[in-house]
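Beneath this line is the structure, given in structure tokens, with notes to follow.
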Amino acid sequence: MTLSGWLMHKDAAIAKIDNFEITDVADVRLLPLYLKRGGALKAWVEDRVIDRHRPHSRLIRRMLRMSAAEDYEISLKVNAATITDNWWIKKDSEDISYTDVRFSVNYFDNLALLGDPDSIERINRAALLGSRSPELTNIGSFEKCWRLEEGAWWLYKQSNELQTFSELFIFEMGRLMGFNMAIFEPWAQGTKTLDFTGQGKYDFEPAFALVGEEIDYLINYKAIAGLSLEMARAYLDILACDALFFNFDRHTHNYGFLRDSVTGEYIAMAPNFDNNLALAANGYPSEALTARKNDIFINDFLDLLESIDVRYKLPELQEADMERVMDKIGMDVNRQRIKDFVLAGYTRLRESEYIL
């Protein structure tokens, strides 16, 4: 398959495409960072597609008669459009606008989230109407879906009880401590989070666009500081939260940046999200681990502060605050083990000369 047309941002044609190659850039300000850094357009399109390893993703592909399709073909079925930014692909053969491309309904939500067989009839009707689903470009390894509620998109995610608790607890504690957190709420089988791009006001770009798969804190910090010192300071907040609450699943697709969708300027780090595999998500830590003497995430964070010679002001944390948050969440968990674990991490951080 070849691809010729335009890379669009809303209704602006920002770059010409000739056989999957960018041949002319009309507005470099609005170019995706990955492409601005020399990344291949085809790889950018493929990176926006639903994870084929998710069982419900396979159901969706089969329903669309695209089981054997390549990733870029799945993405292009909805013009590579997503909920969280305003970029899309317009083929030379198409006479469409952004109104035709952006998502306004999702008939695939129950199939994507639950594998619900009763949703197949809805999908068949939707296919006849040419409905476009944001699930085809809803990335990530957990079963999830987008749902439009009172004019705003919410991302629903399936998780077990400990994963759900961890996500909600870290959201509530992070917000209480003053960290910039994406909004999370519970639902019957997991959590849901509010789209933080303001219905297209901002474009979200994952850190992958800047550093690829690189997870080294120092390399990431320097790269982010090259974009904005304010965002680099906000990156330290994410790392501090990860260190305190033992988030070992931070990767370059679950943190990133918000760009002004009119000027392309970097506004801020995106709020902290995707903490469902942190804290107690994989079971309660043993007594030996609870002291957190050799916690790699705390050590790496403190090593970064030493490398950049920065004294970080860690927000206050009180045991009573954790109790109130646990009461609010209302789930049956081992409260004492969780409190001991978090407080031990907090004490370890406080002992460092690089923590204020």
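Ligands are numbered from 1 in the order shown, residues from 1 within each chain, and chains are lettered A, B, ... in the order they appear in the structure tokens.
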Requested in this report: Could you give me, as a VMD selection string, the residues within 8 Å of A:Ile183, counting only C-alpha atoms and dropping anything in the same chain fewer than 3 positions from it?
Outcome: chain A and resid 171 193 to 194
**Report entry** Spatial neighbours of stretch 309-323 of chain A, max dist 9 Å, only C-alpha atoms, sep filter under 6 positions, as an MDAnalysis selection string
**Finding:** chainID A and resid 169 173 176:179 236:237 240 335 339 343 346 349:350 353:356
Expected file: the selected residues, C-alpha atoms, as a CSV table (one decimal), in the first residue's frame:
```csv
chain,number,residue,atom,x,y,z
A,169,PHE,CA,-5.0,5.9,45.8
A,173,MET,CA,-2.7,11.2,47.3
A,176,LEU,CA,-3.5,16.0,47.9
A,177,MET,CA,0.3,16.5,47.9
A,178,GLY,CA,0.0,19.1,45.1
A,179,PHE,CA,1.1,17.0,42.1
A,236,LEU,CA,10.8,15.7,38.6
A,237,ASP,CA,7.4,15.7,40.1
A,240,ALA,CA,9.1,11.8,42.8
A,335,ARG,CA,-4.1,-0.6,55.0
A,339,LYS,CA,1.0,2.8,54.9
A,343,LEU,CA,5.9,6.1,54.8
A,346,TYR,CA,8.9,9.0,52.3
A,349,LEU,CA,13.6,10.4,50.4
A,350,ARG,CA,13.6,12.8,53.3
A,353,GLU,CA,20.5,16.0,51.2
A,354,TYR,CA,18.9,16.6,47.8
A,355,ILE,CA,15.4,16.7,49.3
A,356,LEU,CA,14.1,19.8,50.9
```
Would you pick out the contacts of A:Phe103 at 10 Å or less, using only C-alpha atoms, so that residues sharing its chain but fewer than 5 positions from it are not included, and give the list as a compact mmCIF listing (two decimals) with all heavy atoms, in the first residue's frame?
```
# COMPACT_ATOMS: atom_id res chain seq x y z
N VAL A 78 -9.17 5.05 10.08
CA VAL A 78 -9.76 6.25 10.69
C VAL A 78 -8.85 7.45 10.46
O VAL A 78 -8.80 8.37 11.26
CB VAL A 78 -10.07 6.05 12.19
CG1 VAL A 78 -11.23 5.09 12.38
CG2 VAL A 78 -8.83 5.58 12.94
N ALA A 81 -6.44 9.28 13.03
CA ALA A 81 -6.90 10.27 14.01
C ALA A 81 -7.01 9.64 15.40
O ALA A 81 -7.26 8.43 15.53
CB ALA A 81 -8.26 10.83 13.59
N THR A 82 -6.81 10.44 16.44
CA THR A 82 -6.95 9.98 17.82
C THR A 82 -7.75 10.99 18.63
O THR A 82 -7.94 12.14 18.21
CB THR A 82 -5.57 9.79 18.51
OG1 THR A 82 -5.02 11.08 18.79
CG2 THR A 82 -4.61 9.00 17.64
N ILE A 83 -8.16 10.57 19.82
CA ILE A 83 -8.87 11.47 20.73
C ILE A 83 -7.91 12.53 21.30
O ILE A 83 -8.30 13.67 21.54
CB ILE A 83 -9.50 10.67 21.90
CG1 ILE A 83 -10.62 9.76 21.40
CG2 ILE A 83 -10.00 11.61 23.00
CD1 ILE A 83 -11.86 10.48 20.95
N TYR A 98 -11.93 18.08 8.84
CA TYR A 98 -11.72 17.56 10.19
C TYR A 98 -13.04 17.20 10.86
O TYR A 98 -13.09 16.27 11.67
CB TYR A 98 -10.96 18.59 11.03
CG TYR A 98 -10.43 18.04 12.34
CD1 TYR A 98 -9.83 16.79 12.40
CD2 TYR A 98 -10.54 18.77 13.53
CE1 TYR A 98 -9.33 16.27 13.59
CE2 TYR A 98 -10.05 18.27 14.72
CZ TYR A 98 -9.46 17.03 14.75
OH TYR A 98 -8.97 16.52 15.92
N SER A 131 -19.54 4.38 10.42
CA SER A 131 -19.12 4.98 11.69
C SER A 131 -17.62 4.80 11.92
O SER A 131 -17.03 3.78 11.57
CB SER A 131 -19.88 4.34 12.85
OG SER A 131 -19.41 4.82 14.08
N ARG A 132 -17.02 5.80 12.53
CA ARG A 132 -15.59 5.79 12.83
C ARG A 132 -15.40 5.62 14.33
O ARG A 132 -16.03 6.33 15.12
CB ARG A 132 -14.96 7.10 12.36
CG ARG A 132 -15.23 7.42 10.90
CD ARG A 132 -14.87 8.86 10.59
NE ARG A 132 -13.49 9.16 10.93
CZ ARG A 132 -12.45 8.84 10.14
NH1 ARG A 132 -12.66 8.26 8.97
NH2 ARG A 132 -11.23 9.13 10.50
N SER A 133 -14.55 4.69 14.73
CA SER A 133 -14.36 4.41 16.15
C SER A 133 -12.97 4.83 16.62
O SER A 133 -11.96 4.49 15.99
CB SER A 133 -14.53 2.92 16.43
OG SER A 133 -14.15 2.62 17.77
N PRO A 134 -12.89 5.53 17.76
CA PRO A 134 -11.57 5.88 18.32
C PRO A 134 -10.83 4.68 18.86
O PRO A 134 -9.65 4.81 19.21
CB PRO A 134 -11.93 6.87 19.43
CG PRO A 134 -13.32 6.52 19.83
CD PRO A 134 -13.99 6.08 18.57
N LEU A 148 -17.98 8.84 25.44
CA LEU A 148 -18.33 10.26 25.47
C LEU A 148 -19.45 10.47 26.48
O LEU A 148 -20.54 9.91 26.33
CB LEU A 148 -18.75 10.72 24.08
CG LEU A 148 -18.93 12.22 23.87
CD1 LEU A 148 -17.62 12.96 24.07
CD2 LEU A 148 -19.48 12.50 22.47
N TRP A 153 -14.74 13.14 26.67
CA TRP A 153 -14.31 11.76 26.52
C TRP A 153 -13.67 11.25 27.81
O TRP A 153 -12.85 11.93 28.42
CB TRP A 153 -13.31 11.62 25.37
CG TRP A 153 -13.92 11.74 24.01
CD1 TRP A 153 -13.88 12.82 23.18
CD2 TRP A 153 -14.64 10.73 23.30
NE1 TRP A 153 -14.54 12.57 22.01
CE2 TRP A 153 -15.03 11.28 22.05
CE3 TRP A 153 -15.02 9.42 23.60
CZ2 TRP A 153 -15.74 10.56 21.10
CZ3 TRP A 153 -15.74 8.69 22.66
CH2 TRP A 153 -16.10 9.27 21.43
```
Query raised in the report: Between atom CA of A:Lys16 and atom CA of A:Leu41, what is the spacing in Å?
Result: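 For atom CA of A:Leu41 relative to atom CA of A:Lys16, the distance reads 11.2 Å.
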Query raised in the report: Which neighbours of A:Ala268 fall inside 12 Å, counting only C-alpha atoms, when residues of the same chain fewer than 4 positions from it are skipped, and could you give them as a list in words?
Result: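 These residues fall inside the cut-off: Asn180, Phe196, Thr197, Tyr202, Asp203, Phe204, Glu205, Ile224, Ala225, Leu227, Ser228, Leu229, Glu230, Met231, Ala232, Arg233, Ala234, Tyr235, Tyr255, Gly256, Phe257, Leu258, Arg259, Asp260, Gly264 and Asn272 of chain A.
Note that atom CA of A:Lys144 and atom CA of A:Pro271 are 19.3 Å apart.
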Report task. Could you please write out, as a VMD selection string, every residue of stretch 12-139 of chain A that DSSP assigns to strand (DSSP E or B)? Result -> chain A and resid 12 to 18 21 to 25 87 to 91
Create the file for the chosen residues now, containing C-alpha atoms and written as a PDB file, in the first residue's frame.
```pdb
ATOM      1  CA  ALA A  12      -4.707  22.884   8.112  1.00  0.00           C
ATOM      2  CA  ALA A  13      -2.516  20.937   5.674  1.00  0.00           C
ATOM      3  CA  ILE A  14       0.864  21.082   7.394  1.00  0.00           C
ATOM      4  CA  ALA A  15       2.915  18.709   5.236  1.00  0.00           C
ATOM      5  CA  LYS A  16       2.695  16.985   1.834  1.00  0.00           C
ATOM      6  CA  ILE A  17       2.956  13.201   1.732  1.00  0.00           C
ATOM      7  CA  ASP A  18       4.307  11.306  -1.255  1.00  0.00           C
ATOM      8  CA  GLU A  21       7.434  10.361   2.708  1.00  0.00           C
ATOM      9  CA  ILE A  22       7.116  13.953   3.912  1.00  0.00           C
ATOM     10  CA  THR A  23       8.132  15.999   0.867  1.00  0.00           C
ATOM     11  CA  ASP A  24       7.105  19.514   1.825  1.00  0.00           C
ATOM     12  CA  VAL A  25       6.331  21.088   5.203  1.00  0.00           C
ATOM     13  CA  TRP A  87      -3.348  15.287  13.658  1.00  0.00           C
ATOM     14  CA  TRP A  88      -4.699  13.071  10.897  1.00  0.00           C
ATOM     15  CA  ILE A  89      -3.946  11.858   7.375  1.00  0.00           C
ATOM     16  CA  LYS A  90      -5.885  13.032   4.332  1.00  0.00           C
ATOM     17  CA  LYS A  91      -5.378  10.913   1.241  1.00  0.00           C
TER      18      LYS A  91
END
```
Requested in this report: May I ask which of the residues A:Trp154, A:Phe273, A:Phe165, A:Phe142 is the closest one to A:Met181, counting only C-alpha atoms?
Outcome: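 Under the stated criterion, the closest residue is A:Phe273.
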